[in-house]
Amino acid sequence: MQKSVGNAQISVFCRGFLSAVVIFLAIGLAAPKARSDAATSYAQMPEAPAAVSGWADAQDILDRRCVVCHSCYDAPCQLKLTSPAGVLRGASKQVVYHTQWLHDAPPTRLGIDAKTEAEWRALGFFSVLRDRAQPAAAPGLLESYLNMGREAVLPEGRPVPRDLALETGHALACPTPAEFGEVSKSNPRAGMPYATAPLSDGEYGVLMSWAKNAGADVPAAPSLPDTVAAQVDTWETYLNRTTPQHQLVSRYLYEHLFLARLHFDGDDPRRFFRLVRSRTPPRQPIEIIATRRPFDDPGSDPFYYRLQRVDETIVHKEHLVYALGPDRMARFNTVFFGSDWSVSELPPYGTSEGGNPFSTFAAIPARSRYQFLLDDALFFVRSFIRGPVCHGETAVDVIEDRFWVSFLDPDADLSVTDPAFLTQGAAYLELPVSVSESGLRGDLQTFSHKNQARYLAFRDEMYRNSPAHRTGLGYDAIWDGDGTNANALITVFRHFDNASAMTGFHGGLPETAWVIDFPVFERIYYDLVAGYDVFGRVEHQLSTRLYMDELRMESEDIFLTFMPRDIRGQMHQGWYRGVLAEVHTYWHRRRVDDTFPAGIAFETTNPKQEFLLALLQRGKGLWATDDPINRCAAAACAQDRVGSAATALRDIAGNSGDWVRFLPDLSLLLVETDGGAPEIFTLVHDKAHSNVAFLFDETARRDPEADILTIVPGLIGSYPNFFFVVPNARVHAFVQAVTDVGSQDDFVALVAEFGVRRTSADFWATSDRVREAFLQQDPIQAGVLDLNRYKDPKPGDRPE
């Protein structure tokens, strides 16, 4: 299954904006994660004859060779191979990311929206297995595609033929078994694995043996150890307490953790659970209540919060780990129940309530809610950019390629310290989903103009009239993690149509920075995660994206209030260059506040740098105060041993040059060491833009001469675009070869010397080495990397 807008042309902007209404905006963050829970229906199939290989033999090969493309919602033809349930479900012609959905589409979440094979067939999915009831049946689609890949092997080490499309979003051929013959004739080189080196003989034999037996021999899930089962019971009891306060807090926790991979402290690093709503009480089989969003009404019958074991392959793009244990429960008790508050009446469910969590959860103290978010800020920031959606440039083109994030301290946040703030301001804080039935025009007018403009005016007035803020905001107004929490500072990297985040400040000084307060934090979460529906119609996608645009600007504006008054406007103009960006700013009714007093007496001529680097000094060892590769302090650099790979890479890290624009968004560099595992570095291409104010025609706003390369030790990101393998003794030669690149032909020559092509004989072996290194680097956070975006450099290609 195969896989300009000109700044002087305002009329083009208008036409482009109108056309954008029909763009499907796939935001990598929101719909509930599907669970493989069809083992029972799978077992009901007729028993297979004795097989050479079964699921236990095939799973490892599927994980390493197939799941790397067939995992998330954007899996080709929705064929998810992360579990037997996904294999049984099969494939579909329905495209999840559709640009012309005028109505909400039926959701097709694995483990949620259908359970049996018959139910999936009713939703348009067709089998990829042969008919198990007939031993002599024709081969299934899996067998047929594996045979195609065997019969038409691509030339080793050569570029992939151009007729094998690789760009994300290209048209897919999703034939039913009856249509396969015609498709195979029209494109005989489209076998599996698609556009890569072939499987080994052993891998091919195991998968074919398994597929010929219709995916037989699905093992039963092992029983949980008694200690783990006891923790499940403890947490389900905790979450299902019946007092109104406990019910409201449990609802709040569910709506914020429904995408989480819950992991018990000290347990097997590869065992995880998810929090679900079930019609059945603890210790009974789980029956998930299928709603589109976590705040939708579960019905009038009693329901229970349950921990459901994750029994599918862990894919990094949707792997959001949240730790549970005695310390976590004690922290919840302190944060949520450490102060006196009461619930007069439990709030209802529905889009209106999900569209305004400030009113829905008003009874829970704002400090409790904000502290809950801050405690695991990295988890929540990652939830904005990870999840089962797994697709979409327009999901992240609202952000810069790299920026630093800090958070307003709870004691400096009026929404926390002044009860009147949220009581009076909640009406302005509704999200687009709260008026999902009002139509596109209503969404745009309400949330891109009126409500946000009113809220900003309200916020400004409250802060100006606050005695605690009349002298401006100082360093103490930035949360420092209370001296123990590294989540206080975060770096976000964008990699074209996906992103990643890590604690601390990495890379050189970024162009922009955010300061997030409680109202921003909660609204981003409900806009991009809890309230986002990947199956929603186009107006929902568009309003979600435009509202996130507002929240980005609001975070930037809060950061600017820490800067000297006389440079705020100039800094903002540097972030929004061009006539159309000025129109955008006017349309959004943005005006940089140069009247709010500055609370910091800066000592240098570069206040942005002084401010951000000063934040690093407040961590008491929680994070590194410098970046030894991209931003190396002189004393630290002088102590480095001569000849280390990191030392050699400093010559290209944090630098710009014509060569940068030829590099992929995210490359992995494997430095070979003598007899040991490779040392891995992530090469991040930070693309520069005149602005990130629009959701279309990004190339018109690119500024490639200002691109830089950031190098991070270890592995980050979910979608590597390329592998480079370099012996340790040749790292300096690699660096020189990189800086010598001045054309696409030069880059292809670099690839020939140091790169690993999709068709290279060692492509899969390199992928395996990366996977093993990731598991060693972080066995709890690691997951299968997605190779859907792995590049195939060719002569004559244009840099992105």
# chains A, B, ... in the order shown; residues from 1 in each chain; ligands from 1

call {"tool": "closest_atom_pairs", "arguments": {"of": "region 660-767 of chain A", "to": "region 141-162 of chain A", "cutoff": "9 Å", "atoms": "only C-alpha atoms", "output": "tab-separated table"}}
result
residue	atom	partner	partner_atom	distance
A:Ala752	CA	A:Gly157	CA	8.6
A:Val756	CA	A:Gly157	CA	8.1
A:Arg757	CA	A:Gly157	CA	6.1
A:Arg758	CA	A:Gly157	CA	7.6
A:Thr759	CA	A:Gly157	CA	4.9
A:Ser760	CA	A:Gly157	CA	4.2
A:Ala761	CA	A:Glu156	CA	6.4

call {"tool": "closest_atom_pairs", "arguments": {"of": "region 689-772 of chain A", "to": "region 491-503 of chain A", "cutoff": "12 Å", "atoms": "only C-alpha atoms", "output": "JSON lines"}}
result
{"residue": "A:His689", "atom": "CA", "partner": "A:Phe496", "partner_atom": "CA", "distance": 11.9}
{"residue": "A:Val692", "atom": "CA", "partner": "A:Arg494", "partner_atom": "CA", "distance": 11.9}
{"residue": "A:Leu695", "atom": "CA", "partner": "A:Asp497", "partner_atom": "CA", "distance": 11.9}
{"residue": "A:Glu698", "atom": "CA", "partner": "A:Phe496", "partner_atom": "CA", "distance": 10.0}
{"residue": "A:Thr699", "atom": "CA", "partner": "A:Phe496", "partner_atom": "CA", "distance": 11.3}
{"residue": "A:Arg702", "atom": "CA", "partner": "A:Phe496", "partner_atom": "CA", "distance": 11.9}
{"residue": "A:Leu709", "atom": "CA", "partner": "A:Phe493", "partner_atom": "CA", "distance": 11.7}
{"residue": "A:Thr710", "atom": "CA", "partner": "A:Phe493", "partner_atom": "CA", "distance": 9.8}
{"residue": "A:Ile711", "atom": "CA", "partner": "A:Phe493", "partner_atom": "CA", "distance": 11.5}
{"residue": "A:Val712", "atom": "CA", "partner": "A:Met502", "partner_atom": "CA", "distance": 10.6}
{"residue": "A:Gly714", "atom": "CA", "partner": "A:Met502", "partner_atom": "CA", "distance": 11.7}
{"residue": "A:Leu715", "atom": "CA", "partner": "A:Ser500", "partner_atom": "CA", "distance": 10.7}
{"residue": "A:Ile716", "atom": "CA", "partner": "A:Ser500", "partner_atom": "CA", "distance": 6.9}
{"residue": "A:Gly717", "atom": "CA", "partner": "A:Ser500", "partner_atom": "CA", "distance": 5.3}
{"residue": "A:Ser718", "atom": "CA", "partner": "A:Ser500", "partner_atom": "CA", "distance": 7.7}
{"residue": "A:Tyr719", "atom": "CA", "partner": "A:Asn498", "partner_atom": "CA", "distance": 7.8}
{"residue": "A:Pro720", "atom": "CA", "partner": "A:His495", "partner_atom": "CA", "distance": 9.4}
{"residue": "A:Asn721", "atom": "CA", "partner": "A:His495", "partner_atom": "CA", "distance": 9.5}

call {"tool": "closest_residue", "arguments": {"among": "A:Ala323, A:Ala58, A:Ser71, A:Pro282", "to": "Ala214 (chain A)", "atoms": "only C-alpha atoms"}}
result
A:Ala58

call {"tool": "select_by_dssp", "arguments": {"residues": "region 421-604 of chain A", "states": "strand (DSSP E)", "output": "number ranges by chain"}}
result
A: 490-494, 499-503, 513-516

call {"tool": "write_last_selection", "arguments": {"atoms": "N, CA and C atoms", "output": "CSV table (one decimal), in the first residue's frame"}}
result
chain,number,residue,atom,x,y,z
A,490,ILE,N,12.0,24.8,29.1
A,490,ILE,CA,11.8,23.8,28.0
A,490,ILE,C,12.2,24.4,26.7
A,491,THR,N,12.8,23.6,25.8
A,491,THR,CA,13.1,24.0,24.5
A,491,THR,C,12.2,23.2,23.5
A,492,VAL,N,11.6,23.9,22.6
A,492,VAL,CA,10.7,23.3,21.6
A,492,VAL,C,11.4,23.4,20.2
A,493,PHE,N,11.5,22.3,19.6
A,493,PHE,CA,12.1,22.2,18.2
A,493,PHE,C,10.9,21.9,17.2
A,494,ARG,N,10.8,22.6,16.2
A,494,ARG,CA,9.9,22.2,15.1
A,494,ARG,C,10.7,21.6,14.0
A,499,ALA,N,7.3,18.0,15.7
A,499,ALA,CA,8.1,18.8,16.7
A,499,ALA,C,8.5,17.9,17.8
A,500,SER,N,9.4,18.4,18.7
A,500,SER,CA,9.8,17.7,19.8
A,500,SER,C,10.2,18.7,20.9
A,501,ALA,N,10.3,18.3,22.2
A,501,ALA,CA,10.6,19.2,23.3
A,501,ALA,C,11.4,18.5,24.3
A,502,MET,N,12.2,19.2,25.0
A,502,MET,CA,13.1,18.7,26.1
A,502,MET,C,13.3,19.8,27.1
A,503,THR,N,13.6,19.3,28.3
A,503,THR,CA,13.9,20.3,29.4
A,503,THR,C,15.2,21.0,29.2
A,513,ALA,N,10.9,33.7,22.3
A,513,ALA,CA,10.7,33.0,23.5
A,513,ALA,C,9.3,33.2,24.0
A,514,TRP,N,8.8,32.2,24.7
A,514,TRP,CA,7.5,32.3,25.3
A,514,TRP,C,7.6,32.3,26.8
A,515,VAL,N,6.7,33.0,27.5
A,515,VAL,CA,6.3,32.9,28.9
A,515,VAL,C,4.9,32.5,28.9
A,516,ILE,N,4.6,31.4,29.5
A,516,ILE,CA,3.2,30.8,29.6
A,516,ILE,C,2.7,31.0,31.0

call {"tool": "closest_residue", "arguments": {"among": "A:Arg386, A:Arg130, A:Arg730, A:Arg292", "to": "Ala260 (chain A)", "atoms": "only C-alpha atoms"}}
result
A:Arg386

call {"tool": "closest_residue", "arguments": {"among": "A:Lys93, A:Arg331, A:Arg274, A:Lys791", "to": "Gly124 (chain A)", "atoms": "only C-alpha atoms"}}
result
A:Lys93

call {"tool": "residues_around", "arguments": {"residues": "Glu312 (chain A)", "least_positions_apart": "4", "cutoff": "12 Å", "atoms": "only C-alpha atoms", "output": "ChimeraX atom specification"}}
result
/A:33-39,59-60,62-63,67,71-72,80-87,110-111,221,261,270-274,308,318-319,783-784

call {"tool": "write_last_selection", "arguments": {"atoms": "N, CA, C and O atoms", "output": "tab-separated table (two decimals), in the first residue's frame"}}
result
chain	number	residue	atom	x	y	z
A	33	LYS	N	-6.12	8.23	22.03
A	33	LYS	CA	-5.25	7.18	21.52
A	33	LYS	C	-6.01	5.87	21.41
A	33	LYS	O	-6.68	5.44	22.32
A	34	ALA	N	-5.86	5.20	20.25
A	34	ALA	CA	-6.53	3.93	20.06
A	34	ALA	C	-5.81	2.82	20.81
A	34	ALA	O	-4.60	2.79	20.88
A	35	ARG	N	-6.57	1.86	21.32
A	35	ARG	CA	-5.99	0.75	22.07
A	35	ARG	C	-6.29	-0.54	21.35
A	35	ARG	O	-7.39	-0.77	20.89
A	36	SER	N	-5.29	-1.44	21.25
A	36	SER	CA	-5.52	-2.73	20.64
A	36	SER	C	-6.23	-3.63	21.64
A	36	SER	O	-5.63	-4.12	22.58
A	37	ASP	N	-7.52	-3.84	21.44
A	37	ASP	CA	-8.31	-4.56	22.44
A	37	ASP	C	-9.21	-5.57	21.75
A	37	ASP	O	-10.31	-5.84	22.20
A	38	ALA	N	-8.76	-6.10	20.60
A	38	ALA	CA	-9.62	-7.00	19.85
A	38	ALA	C	-9.13	-8.44	19.91
A	38	ALA	O	-9.47	-9.25	19.08
A	39	ALA	N	-8.32	-8.77	20.91
A	39	ALA	CA	-7.81	-10.13	21.00
A	39	ALA	C	-8.94	-11.15	21.10
A	39	ALA	O	-8.86	-12.23	20.54
A	59	GLN	N	6.12	-10.62	15.24
A	59	GLN	CA	5.97	-9.29	15.83
A	59	GLN	C	7.26	-8.47	15.77
A	59	GLN	O	7.24	-7.29	15.42
A	60	ASP	N	8.39	-9.08	16.11
A	60	ASP	CA	9.64	-8.30	16.12
A	60	ASP	C	9.98	-7.79	14.73
A	60	ASP	O	10.43	-6.66	14.57
A	62	LEU	N	7.77	-7.25	12.26
A	62	LEU	CA	6.79	-6.21	11.95
A	62	LEU	C	7.19	-4.89	12.61
A	62	LEU	O	7.12	-3.83	11.99
A	63	ASP	N	7.61	-4.95	13.87
A	63	ASP	CA	7.99	-3.73	14.58
A	63	ASP	C	9.15	-3.03	13.89
A	63	ASP	O	9.18	-1.80	13.78
A	67	VAL	N	6.05	-1.46	11.24
A	67	VAL	CA	5.47	-0.46	12.13
A	67	VAL	C	6.15	0.89	11.94
A	67	VAL	O	5.56	1.94	12.23
A	71	SER	N	1.69	2.90	11.69
A	71	SER	CA	1.44	3.01	13.14
A	71	SER	C	0.32	3.98	13.45
A	71	SER	O	-0.75	3.59	13.88
A	72	CYS	N	0.52	5.29	13.21
A	72	CYS	CA	-0.44	6.30	13.66
A	72	CYS	C	-1.65	6.40	12.74
A	72	CYS	O	-1.85	5.59	11.85
A	80	LYS	N	-2.77	-0.25	10.58
A	80	LYS	CA	-1.91	-0.21	11.76
A	80	LYS	C	-1.45	-1.63	12.07
A	80	LYS	O	-2.26	-2.54	12.27
A	81	LEU	N	-0.13	-1.80	12.13
A	81	LEU	CA	0.43	-3.13	12.36
A	81	LEU	C	1.09	-3.22	13.73
A	81	LEU	O	1.99	-4.02	13.94
A	82	THR	N	0.62	-2.41	14.67
A	82	THR	CA	1.20	-2.40	16.00
A	82	THR	C	0.64	-3.47	16.91
A	82	THR	O	1.11	-3.63	18.03
A	83	SER	N	-0.37	-4.21	16.44
A	83	SER	CA	-0.99	-5.23	17.29
A	83	SER	C	-1.80	-6.18	16.39
A	83	SER	O	-2.14	-5.85	15.25
A	84	PRO	N	-2.13	-7.38	16.91
A	84	PRO	CA	-3.01	-8.27	16.15
A	84	PRO	C	-4.35	-7.62	15.82
A	84	PRO	O	-4.92	-7.87	14.76
A	85	ALA	N	-4.85	-6.77	16.72
A	85	ALA	CA	-6.13	-6.10	16.46
A	85	ALA	C	-6.04	-5.22	15.23
A	85	ALA	O	-6.99	-5.11	14.46
A	86	GLY	N	-4.90	-4.54	15.05
A	86	GLY	CA	-4.73	-3.70	13.87
A	86	GLY	C	-4.64	-4.52	12.60
A	86	GLY	O	-5.18	-4.13	11.55
A	87	VAL	N	-3.97	-5.66	12.67
A	87	VAL	CA	-3.89	-6.55	11.50
A	87	VAL	C	-5.28	-7.05	11.14
A	87	VAL	O	-5.68	-7.07	9.97
A	110	LEU	N	-8.78	2.58	16.65
A	110	LEU	CA	-8.60	1.17	16.95
A	110	LEU	C	-8.83	0.90	18.43
A	110	LEU	O	-8.30	1.59	19.29
A	111	GLY	N	-9.67	-0.12	18.71
A	111	GLY	CA	-9.96	-0.48	20.09
A	111	GLY	C	-11.07	0.34	20.72
A	111	GLY	O	-11.43	0.09	21.88
A	221	ALA	N	-2.46	-12.34	26.46
A	221	ALA	CA	-1.66	-11.38	27.23
A	221	ALA	C	-1.28	-12.00	28.56
A	221	ALA	O	-2.12	-12.63	29.23
A	261	ARG	N	0.58	7.53	28.61
A	261	ARG	CA	1.01	6.15	28.86
A	261	ARG	C	1.45	6.12	30.33
A	261	ARG	O	2.51	6.64	30.69
A	270	ARG	N	8.87	-1.32	30.01
A	270	ARG	CA	8.08	-1.39	28.78
A	270	ARG	C	6.63	-1.74	29.05
A	270	ARG	O	5.89	-2.10	28.13
A	271	ARG	N	6.17	-1.61	30.29
A	271	ARG	CA	4.77	-1.88	30.61
A	271	ARG	C	4.06	-0.56	30.92
A	271	ARG	O	4.49	0.20	31.78
A	272	PHE	N	2.93	-0.34	30.24
A	272	PHE	CA	2.21	0.92	30.38
A	272	PHE	C	0.70	0.66	30.43
A	272	PHE	O	0.21	-0.39	29.99
A	273	PHE	N	0.01	1.66	30.95
A	273	PHE	CA	-1.46	1.62	31.02
A	273	PHE	C	-2.01	2.94	30.50
A	273	PHE	O	-1.29	3.92	30.35
A	274	ARG	N	-3.31	2.94	30.20
A	274	ARG	CA	-3.98	4.19	29.84
A	274	ARG	C	-5.25	4.33	30.67
A	274	ARG	O	-5.87	3.34	31.09
A	308	GLN	N	-6.28	0.62	31.74
A	308	GLN	CA	-6.26	-0.44	30.73
A	308	GLN	C	-4.83	-0.64	30.25
A	308	GLN	O	-4.14	0.30	29.88
A	318	GLU	N	3.51	8.76	19.58
A	318	GLU	CA	2.31	8.83	20.41
A	318	GLU	C	2.56	8.39	21.84
A	318	GLU	O	1.63	8.14	22.59
A	319	HIS	N	3.84	8.33	22.22
A	319	HIS	CA	4.22	7.79	23.52
A	319	HIS	C	4.45	8.94	24.50
A	319	HIS	O	5.48	9.61	24.49
A	783	GLY	N	10.58	4.61	21.90
A	783	GLY	CA	9.55	3.98	21.09
A	783	GLY	C	10.03	3.85	19.67
A	783	GLY	O	11.06	4.43	19.28
A	784	VAL	N	9.31	3.10	18.86
A	784	VAL	CA	9.67	2.92	17.46
A	784	VAL	C	9.61	4.27	16.75
A	784	VAL	O	8.62	5.00	16.86

call {"tool": "residues_around", "arguments": {"residues": "region 658-660 of chain A", "least_positions_apart": "6", "cutoff": "6 Å", "atoms": "only C-alpha atoms", "output": "PyMOL selection string"}}
result
chain A and resi 739+741-742

call {"tool": "closest_residue", "arguments": {"among": "A:Tyr194, A:Pro244, A:Thr313, A:Met329", "to": "Cys69 (chain A)", "atoms": "only C-alpha atoms"}}
result
A:Tyr194

call {"tool": "select_by_dssp", "arguments": {"residues": "region 306-349 of chain A", "states": "alpha helix (DSSP H)", "output": "MDAnalysis selection string"}}
result
chainID A and resid 326:337

call {"tool": "atom_distance", "arguments": {"atom1": "CA of Gly675 (chain A)", "atom2": "CA of Asp786 (chain A)"}}
result
27.8 Å

call {"tool": "residues_around", "arguments": {"residues": "Ala601 (chain A)", "least_positions_apart": "2", "cutoff": "12 Å", "atoms": "only C-alpha atoms", "output": "ChimeraX atom specification"}}
result
/A:471-475,562-565,597-599,603-605,607,610-611

call {"tool": "write_last_selection", "arguments": {"atoms": "N, CA and C atoms", "output": "CSV table (one decimal), in the first residue's frame"}}
result
chain,number,residue,atom,x,y,z
A,471,THR,N,5.3,47.8,39.5
A,471,THR,CA,6.7,48.0,39.2
A,471,THR,C,7.3,47.1,38.2
A,472,GLY,N,6.4,46.3,37.5
A,472,GLY,CA,6.8,45.4,36.5
A,472,GLY,C,7.1,44.0,37.1
A,473,LEU,N,7.5,43.1,36.2
A,473,LEU,CA,7.8,41.7,36.5
A,473,LEU,C,9.3,41.5,36.6
A,474,GLY,N,9.8,40.9,37.6
A,474,GLY,CA,11.2,40.6,37.8
A,474,GLY,C,11.5,39.2,37.6
A,475,TYR,N,12.7,38.7,37.8
A,475,TYR,CA,13.1,37.3,37.6
A,475,TYR,C,12.3,36.4,38.6
A,562,PHE,N,8.7,41.4,30.0
A,562,PHE,CA,10.0,41.4,30.8
A,562,PHE,C,11.1,42.2,30.2
A,563,MET,N,10.9,42.6,28.9
A,563,MET,CA,11.9,43.4,28.2
A,563,MET,C,11.8,44.9,28.5
A,564,PRO,N,12.8,45.7,28.2
A,564,PRO,CA,12.7,47.1,28.4
A,564,PRO,C,11.6,47.7,27.5
A,565,ARG,N,10.9,48.6,28.0
A,565,ARG,CA,9.7,49.1,27.2
A,565,ARG,C,10.1,49.6,25.8
A,597,PRO,N,5.3,48.7,33.1
A,597,PRO,CA,6.7,48.9,33.5
A,597,PRO,C,7.6,47.7,33.4
A,598,ALA,N,8.9,48.0,33.2
A,598,ALA,CA,9.9,46.9,33.2
A,598,ALA,C,10.4,46.7,34.6
A,599,GLY,N,10.4,45.5,35.0
A,599,GLY,CA,10.8,45.2,36.4
A,599,GLY,C,12.2,44.8,36.5
A,603,GLU,N,21.7,45.0,32.5
A,603,GLU,CA,23.1,45.5,32.6
A,603,GLU,C,23.8,45.5,31.2
A,604,THR,N,23.3,44.8,30.2
A,604,THR,CA,23.9,44.7,28.9
A,604,THR,C,23.0,45.3,27.9
A,605,THR,N,23.6,45.4,26.6
A,605,THR,CA,22.8,45.9,25.5
A,605,THR,C,22.0,44.8,24.8
A,607,PRO,N,19.2,42.6,26.2
A,607,PRO,CA,18.4,42.2,27.3
A,607,PRO,C,17.8,40.8,27.1
A,610,GLU,N,20.5,38.4,28.0
A,610,GLU,CA,20.7,38.5,29.4
A,610,GLU,C,19.6,37.9,30.3
A,611,PHE,N,18.4,38.1,29.9
A,611,PHE,CA,17.2,37.6,30.6
A,611,PHE,C,17.2,36.0,30.5

call {"tool": "closest_residue", "arguments": {"among": "A:Ala229, A:Met462, A:Leu199, A:Leu207", "to": "Gly54 (chain A)", "atoms": "only C-alpha atoms"}}
result
A:Leu207

call {"tool": "closest_residue", "arguments": {"among": "A:Lys608, A:Arg367, A:Arg459, A:Arg464", "to": "Pro419 (chain A)", "atoms": "only C-alpha atoms"}}
result
A:Arg367
